[in-house]
Every structure is written in C-alpha cells, then in structure tokens.
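What follows is one structure encoded as structure tokens, with my remarks underneath.
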Amino acid sequence: MLRSAPKRHSVPSWKEFLSQSIETAEDLKQWLGSDIPRIKDTIRRFPMRINPYYLGLITAQDDPIYRQCVPDPRELEDMQGSVDPLAEERYSPLPGLTHRYPDRVMFLVSNQCAVYCRFCNRKRKVGRQGFVTKQTIKEGLSYIKAHKEVRDVLLSGGDPLLLETSELENILRSLRKIPHVEIIRIGTRVPCTLPQRVTQRLASVIAKFHPVYINTHFNHPREITSEAAKACTTLADAGIPLGCQTVLLRGVNDNTETMRQLMQRLLTIRVRPYYLFQCDQARGTAHFWTHPQKGLEIIASLVGHTSGLCVPHYCIDLPGGGGKVPLLPQYIQGVKEKHLVIKNYEGKLCNYPIYC
Ligand SMILES: *Cc1c(COP(=O)(O)O)cnc(C)c1O
Ligand code: SF4
C-alpha cells in the first residue's frame with residue numbers, strides 16, 4: 001500500500017517540494033510498493049511529476065487524486081485521441097503563441113508544471129525542453145505589440161507560476177508597456193497542486209500590473225485544503241479576481257454530488273467557477289472521457305439547486321480548432337406563436353408569454 005510522504009520538520013519552500021517530486025519509475029515504485037506495468041514506456045512518452053504536497057492528498061490507490069497524477073498504461077493504448085486536439089499549431093503564428101479568437105491570445109511562457117496531469121491536453125509538450133525558450137517569449141511579446149487588436153493576453157504553459165518571480169515580473173512588465181493590452185490573465189494550477197508557491201511576494205509582484213486575473217484549476221473537493229485556501233486568500237487579498245477551469249474527468253469528478261461540493265467549496269475560498277471543460281480528446285487521455293450528456297446532467301443539477309455563482313459555463317473545445325462552445329441543458333421545450341414552453345430547474349413546464 002501507499003507509503004506516506006517523507007516527514008519534515010520545518011515548512012519547505014516550493015522549490016524544495018518540487019525537487020522532491022516523484023519523476024522516475026523507481027521513485028514511483030518505492031512509494032507505491034509495487035510496479036505498474038509499462039510504467040517506463042508511459043513516462044518516457046508523457047512525463048510524470050508528482051510533488052510531495054499533491055502526493056500527500058492521495059489517500060488510496062485509484063482515488064480521484066491518484067488518477068489525476070499517477071501514470072496509467074492505458075495512456076499508451078489510446079488510438080482515438082489526437083496529438084494536437086485543438087489544432088493549436090494551426091492557429092499559432094509563432095511557436096508558443098495561439099491567436100484563435102479575434103481580441104485575445106494565449107501565450108505560453110513556461111514548459112513546467114508542479115504536477116503533470118495525466119489528462120492534460122498539452123501532454124505532448126509539457127515538461128519537455130524547447131517549446132518555450134527566451135526566444136519564443138521575446139517573439140511572442142513582439143507579436144502582441146504589433147497586433148493592436150489583442151486586448152487580452154492569457155499566459156499559459158506549462159504553468160506560468162513555475163517561473164522565477166523575477167522572470168514572471170519581466171514578462172508582466174513588458175506586457176503592461178503595450179498600451180492596447182487591457183487585460184492580463186494567468187492560467188495556473190499552482191494554487192491547487194503547489195499552493196506553497198503562492199507567497200506574499202508573488203502576489204505583490206502580480207498586483208503591480210493590474211488588472212490581472214487568475215484562472216486556476218481544481219477538479220475535486222479534496223483538493224481544497226487549508227494550504228490551497230491560504231494561497232487563494234493571498235491572491236484575492238492582492239485584488240486578483242480568481243476563476244476556476246475544471247475538467248470533467250471520468251472516475252474523478254463525473255458525478256453531480258462531487259461537482260456540487262467542488263463548486264460550493266471553491267466559492268468558500270473566493271474562487272468563482274468559470275469553465276467546466278469537456279475533457280479534450282488528446283492522445284493518451286481516452287480513459288478520462290465522458291459522454292457530453294454527463295456534463296449537461298451536472299449543469300442541470302447545479303442550476304437553480306444551488307447559487308448561480310456555483311455554475312460554470314460547460315464548454316467543449318471543438319476538435320480541429322473550432323474553439324470553445326458553451327453547452328446548456330435544453331430548457332426551451334417548445335416554441336409556440338405567442339409563448340415559449342420552458343422547463344424550470346424542478347422539471348416543471350411553464351409558459352412564457354410573448355407580447356412583442
Ligand atoms: C481558451 C482560450 C482563450 C481564452 O478564452 P476565454 O473564453 O476568453 O477564456 C484564448 N485563446 C485560446 C487559444 C484559448 O484556447
Ligand atoms: S497543470 Fe495544466 S498544463 Fe500542466 S499538466 Fe496539468 S493540465 Fe497540463
């Protein structure tokens with residue numbers, strides 16, 4: 001059975017946590033006490049990193065935390081998923097920058113994450129050298145500067161908060177010098193997977209470049225710990241609005257009860273649910289996929305049953321670069337000449353008269 005993470009006396013820094021991550025088949029075997037079949041091939045194909053904080057959230061083999069981070073030989077068997085499910089390359093004018101929507105870009109500034117999520121849609125890239133370099137960052141900044149229509153820049157990766165604070169500061173400063181960039185967003189899983197990274201200093205540095213929004217990524221109520229709460233408080237107190245982009249994952253959070261708890265607990269740590277994503281069909285992730293009906297069922301179980309603040313937009317990012325599209329349960333049941341027939345959250349049919 002699972003051994004507990006090594007005991008420590010003083011609180012380690014985030015870099016110490018990272019340096020003690022499980023990254024090799026040997027590390028994993030030592031912790032798990034047994035071998036996983038084809039583990040070496042799996043992590044050669046898709047890198048593994050489980051830092052001791054996130055590892056410590058696992059309470060049993062195959063629990064919802066374990067499934068998100070421990071490699072599974074099924075990753076090698078998936079032949080349905082595609083290598084670049086969102087055709088990000090097609091919409092990339094430069095390596096590391098995707099310009100898919102008219103007024104905003106996604107700018108990759110880090111190739112590292114605190115944990116390599118097994119369901120990641122960029123699992124072909126994360127943890128590998130070369131897809132983000134000083135050069136790609138420099139060229140990305142020039143692109144944004146030259147494209148006046150870009151009013152919103154989403155920093156992503158990898159995880160931008162795994163950069164050194166000074167490196168992140170340099171990027172934020174360069175972006176803020178560009179007059180047409182109104183909004184800066186950071187997509188980061190760090191508040192969930194390595195909350196120790198969120199120091200007072202980091203929050204103060206980010207706050208110098210407001211308006212900065214952070215979208216984080218929690219998938220299970222058990223990820224909402226006192227450490228995660230502290231990280232989110234630190235960011236929120238620095239005036240950074242926090243959103244959450246959850247991924248719907250089979251065997252992790254694909255039921256209404258888990259999802260309701262997650263969304264409600266996010267609000268208690270001042271994180272507003274933003275998106276619930278259908279799992280992208282990236283090669284190696286098929287064992288996490290759910291039927292879209294499941295997502296609709298989850299949304300229907302939230303709307304009206306709990307606060308509207310708890311309800312994220314359920315989106316599918318269409319394969320081949322179609323972009324994100326929101327899906328909603330079918331509330332309109334009939335369109336008559338003088339009224340609509342609308343089903344309410346309790347399933348009751350109501351008439352909505354049309355006078356105009
Ligand atoms: C998701 C995404 C964005 C941001 O989209 P919002 O709906 O504004 O959150 C921007 N660019 C790319 C390429 C994206 O995938
Ligand atoms: S933190 Fe995000 S980018 Fe990094 S592995 Fe997880 S899902 Fe992928």
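Here, A, B, ... name the chains of the structure tokens in the order displayed, residue numbers run from 1 inside each chain, and ligands are numbered from 1 in the same displayed order.
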- Task: Write down as JSON, numbers by chain the residues of region 62-234 of chain A whose backbone DSSP state falls under alpha helix (DSSP H).
- Result: {"A": [64, 65, 66, 67, 68, 69, 74, 75, 76, 77, 134, 135, 136, 137, 138, 139, 140, 141, 142, 143, 144, 145, 146, 165, 166, 167, 168, 169, 170, 171, 172, 173, 174, 175, 176, 190, 191, 192, 193, 200, 201, 202, 203, 204, 205, 206, 207, 226, 227, 228, 229, 230, 231, 232, 233, 234]}
- Using only C-alpha atoms and all ligand atoms, find each protein or nucleic acid residue lying at most 10 Å from ligand 2; present the set as a PyMOL selection string. chain A and resi 46-49+68-69+108+110-127+156-160+187-190+192-193+216-218+245-247
- Message: For a quick check of understanding, using only C-alpha atoms, which of A:Val252, A:Cys279, A:Ala286, A:Leu86 has the smallest distance to Gly322 (chain A)?
- Response: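 Among A:Val252, A:Cys279, A:Ala286, A:Leu86, it is A:Leu86 that comes nearest to Gly322 (chain A).
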- Skip Tyr274 (chain A) itself and residues of its chain fewer than 4 positions away, then list as a PyMOL selection string all residues within 7 Å of it, counting only C-alpha atoms. chain A and resi 243-245+312-313
- Message: Rounded to one decimal, what separation in Å do you get between CA of Ala207 (chain A) and CA of Ile183 (chain A)?
- Response: 12.7 Å
- Task: Using only C-alpha atoms and all ligand atoms, determine which residues fall within 7 Å of ligand 1, then list them as a list in words.
- Result: Glu88, Thr98, His99, Arg100, Tyr101, Arg104, Val105, Met106, Leu154, Gly323 and Lys324 of chain A
- Using only C-alpha atoms, pick whichever of A:Leu161, A:Leu28, A:Ile269, A:Ala60 has the shortest atom-to-atom distance to Arg197 (chain A).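 Looking only at the distances to Arg197 (chain A), the closest residue turns out to be A:Leu161.
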- Between CA of Ile184 (chain A) and CA of Ile206 (chain A), distance in Å (one decimal):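 Rounded to one decimal, the two atoms are 10.1 Å apart.
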- Message: Using only C-alpha atoms, can you tell me which of A:Thr234, A:Ser307, A:Ser34, A:Thr24 comes closest to Arg260 (chain A)?
- Response: A:Ser307
- Task: For Cys310 (chain A), please output as a ChimeraX atom specification all residues within 8 Å (counting only C-alpha atoms; exclusion window: fewer than 2 positions along the same chain).
- Result: /A:260,263-264,267,272-273,302,306-308,312
Would you export the selected residues with C-alpha atoms as an mmCIF file, in the first residue's frame, please?
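Resulting contents of again.cif:
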data_model
loop_
_atom_site.group_PDB
_atom_site.id
_atom_site.type_symbol
_atom_site.label_atom_id
_atom_site.label_comp_id
_atom_site.auth_asym_id
_atom_site.auth_seq_id
_atom_site.Cartn_x
_atom_site.Cartn_y
_atom_site.Cartn_z
ATOM 1 C CA ARG A 260 -21.667 20.383 -6.440
ATOM 2 C CA MET A 263 -18.191 24.311 -6.892
ATOM 3 C CA GLN A 264 -19.566 25.258 -3.477
ATOM 4 C CA LEU A 267 -16.650 29.854 -3.525
ATOM 5 C CA ARG A 272 -15.524 31.713 -8.861
ATOM 6 C CA PRO A 273 -16.203 28.707 -11.134
ATOM 7 C CA LEU A 302 -26.476 22.874 -10.291
ATOM 8 C CA THR A 306 -27.540 25.986 -5.709
ATOM 9 C CA SER A 307 -26.282 29.544 -6.022
ATOM 10 C CA GLY A 308 -25.793 30.807 -9.557
ATOM 11 C CA PRO A 312 -19.582 27.344 -14.513
#
- Query: Which is closest to Leu57 (chain A) among A:Ala228, A:Val11, A:Leu163, A:Leu168, if we use only C-alpha atoms?
  - Reply: A:Ala228
- Using only C-alpha atoms, which residue out of A:Arg44, A:His147, A:Val83, A:Pro221 lies closest to Thr285 (chain A)?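 Residue with the minimum atom-to-atom distance to Thr285 (chain A): A:Val83.
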- Message: Give me the residues near Arg67 (chain A) as JSON, numbers by chain, where near means some atom within 12 Å (using only C-alpha atoms) and where sequence neighbours in that chain fewer than 5 positions away do not count.
- Response: {"A": [50, 54, 55, 57, 58, 59, 60, 61, 62, 72, 73, 74, 75, 116, 117, 118, 119, 219, 220, 249, 250, 251, 252, 253, 285, 287, 288]}
Please write the residues from the selection above to a file, keeping N, CA and C atoms, as an mmCIF file, in the first residue's frame.
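Generated file (again_17.cif):
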data_model
loop_
_atom_site.group_PDB
_atom_site.id
_atom_site.type_symbol
_atom_site.label_atom_id
_atom_site.label_comp_id
_atom_site.auth_asym_id
_atom_site.auth_seq_id
_atom_site.Cartn_x
_atom_site.Cartn_y
_atom_site.Cartn_z
ATOM 1 N N ILE A 50 5.038 14.281 -9.646
ATOM 2 C CA ILE A 50 4.064 14.386 -8.545
ATOM 3 C C ILE A 50 4.842 14.941 -7.364
ATOM 4 N N TYR A 54 1.124 17.390 -3.407
ATOM 5 C CA TYR A 54 -0.022 16.789 -4.101
ATOM 6 C C TYR A 54 -0.106 15.290 -3.795
ATOM 7 N N LEU A 55 1.072 14.658 -3.728
ATOM 8 C CA LEU A 55 1.118 13.231 -3.374
ATOM 9 C C LEU A 55 0.426 12.983 -2.036
ATOM 10 N N LEU A 57 -2.074 14.288 -0.845
ATOM 11 C CA LEU A 57 -3.543 14.338 -0.890
ATOM 12 C C LEU A 57 -4.150 12.982 -1.253
ATOM 13 N N ILE A 58 -3.278 12.069 -1.738
ATOM 14 C CA ILE A 58 -3.786 10.740 -2.113
ATOM 15 C C ILE A 58 -4.031 9.939 -0.838
ATOM 16 N N THR A 59 -5.216 9.341 -0.732
ATOM 17 C CA THR A 59 -5.458 8.518 0.453
ATOM 18 C C THR A 59 -5.598 7.038 0.099
ATOM 19 N N ALA A 60 -5.802 6.729 -1.155
ATOM 20 C CA ALA A 60 -5.912 5.325 -1.559
ATOM 21 C C ALA A 60 -5.568 5.199 -3.030
ATOM 22 N N GLN A 61 -5.104 4.023 -3.400
ATOM 23 C CA GLN A 61 -4.805 3.767 -4.796
ATOM 24 C C GLN A 61 -6.081 3.967 -5.628
ATOM 25 N N ASP A 62 -5.923 4.609 -6.787
ATOM 26 C CA ASP A 62 -7.050 4.857 -7.691
ATOM 27 C C ASP A 62 -8.072 5.840 -7.148
ATOM 28 N N ASP A 72 -0.872 5.810 -16.148
ATOM 29 C CA ASP A 72 -1.694 4.623 -16.336
ATOM 30 C C ASP A 72 -1.290 4.032 -17.691
ATOM 31 N N PRO A 73 -1.028 2.733 -17.765
ATOM 32 C CA PRO A 73 -0.611 2.167 -19.057
ATOM 33 C C PRO A 73 -1.634 2.366 -20.172
ATOM 34 N N ARG A 74 -2.874 2.661 -19.821
ATOM 35 C CA ARG A 74 -3.885 2.924 -20.854
ATOM 36 C C ARG A 74 -3.541 4.167 -21.684
ATOM 37 N N GLU A 75 -2.658 5.017 -21.139
ATOM 38 C CA GLU A 75 -2.239 6.198 -21.904
ATOM 39 C C GLU A 75 -1.571 5.802 -23.221
ATOM 40 N N TYR A 116 2.357 16.859 -13.454
ATOM 41 C CA TYR A 116 1.925 16.641 -14.833
ATOM 42 C C TYR A 116 0.642 15.830 -14.825
ATOM 43 N N CYS A 117 -0.451 16.526 -15.131
ATOM 44 C CA CYS A 117 -1.776 15.912 -15.072
ATOM 45 C C CYS A 117 -1.888 14.907 -16.211
ATOM 46 N N ARG A 118 -2.397 13.759 -15.915
ATOM 47 C CA ARG A 118 -2.424 12.691 -16.920
ATOM 48 C C ARG A 118 -3.424 12.998 -18.039
ATOM 49 N N PHE A 119 -4.387 13.891 -17.777
ATOM 50 C CA PHE A 119 -5.430 14.202 -18.756
ATOM 51 C C PHE A 119 -5.101 15.452 -19.558
ATOM 52 N N ASN A 219 -10.136 20.187 -9.573
ATOM 53 C CA ASN A 219 -11.033 19.186 -10.147
ATOM 54 C C ASN A 219 -11.792 18.363 -9.115
ATOM 55 N N HIS A 220 -11.403 18.485 -7.849
ATOM 56 C CA HIS A 220 -12.041 17.631 -6.854
ATOM 57 C C HIS A 220 -12.096 18.360 -5.514
ATOM 58 N N LEU A 249 -13.824 14.740 -15.673
ATOM 59 C CA LEU A 249 -12.964 13.562 -15.822
ATOM 60 C C LEU A 249 -13.642 12.319 -15.281
ATOM 61 N N ARG A 250 -13.688 11.296 -16.125
ATOM 62 C CA ARG A 250 -14.276 10.037 -15.695
ATOM 63 C C ARG A 250 -13.488 9.467 -14.513
ATOM 64 N N GLY A 251 -14.203 9.034 -13.511
ATOM 65 C CA GLY A 251 -13.562 8.422 -12.353
ATOM 66 C C GLY A 251 -12.960 9.426 -11.384
ATOM 67 N N VAL A 252 -13.090 10.721 -11.698
ATOM 68 C CA VAL A 252 -12.542 11.744 -10.805
ATOM 69 C C VAL A 252 -13.672 12.631 -10.267
ATOM 70 N N ASN A 253 -14.423 13.192 -11.183
ATOM 71 C CA ASN A 253 -15.455 14.151 -10.752
ATOM 72 C C ASN A 253 -16.716 14.056 -11.610
ATOM 73 N N THR A 285 -5.475 10.168 -23.398
ATOM 74 C CA THR A 285 -6.380 10.581 -22.317
ATOM 75 C C THR A 285 -7.758 9.917 -22.404
ATOM 76 N N HIS A 287 -9.131 7.300 -21.419
ATOM 77 C CA HIS A 287 -9.751 6.693 -20.233
ATOM 78 C C HIS A 287 -10.395 7.724 -19.306
ATOM 79 N N PHE A 288 -10.220 9.012 -19.598
ATOM 80 C CA PHE A 288 -10.858 10.060 -18.792
ATOM 81 C C PHE A 288 -12.124 10.621 -19.438
#
- Message: So that I can see what lies close to Gln196 (chain A), please list as a PyMOL selection string the residues with an atom at most 8 Å from it, counting only C-alpha atoms and leaving out residues fewer than 5 positions away in the same chain.
- Response: chain A and resi 13-14+191+227+231
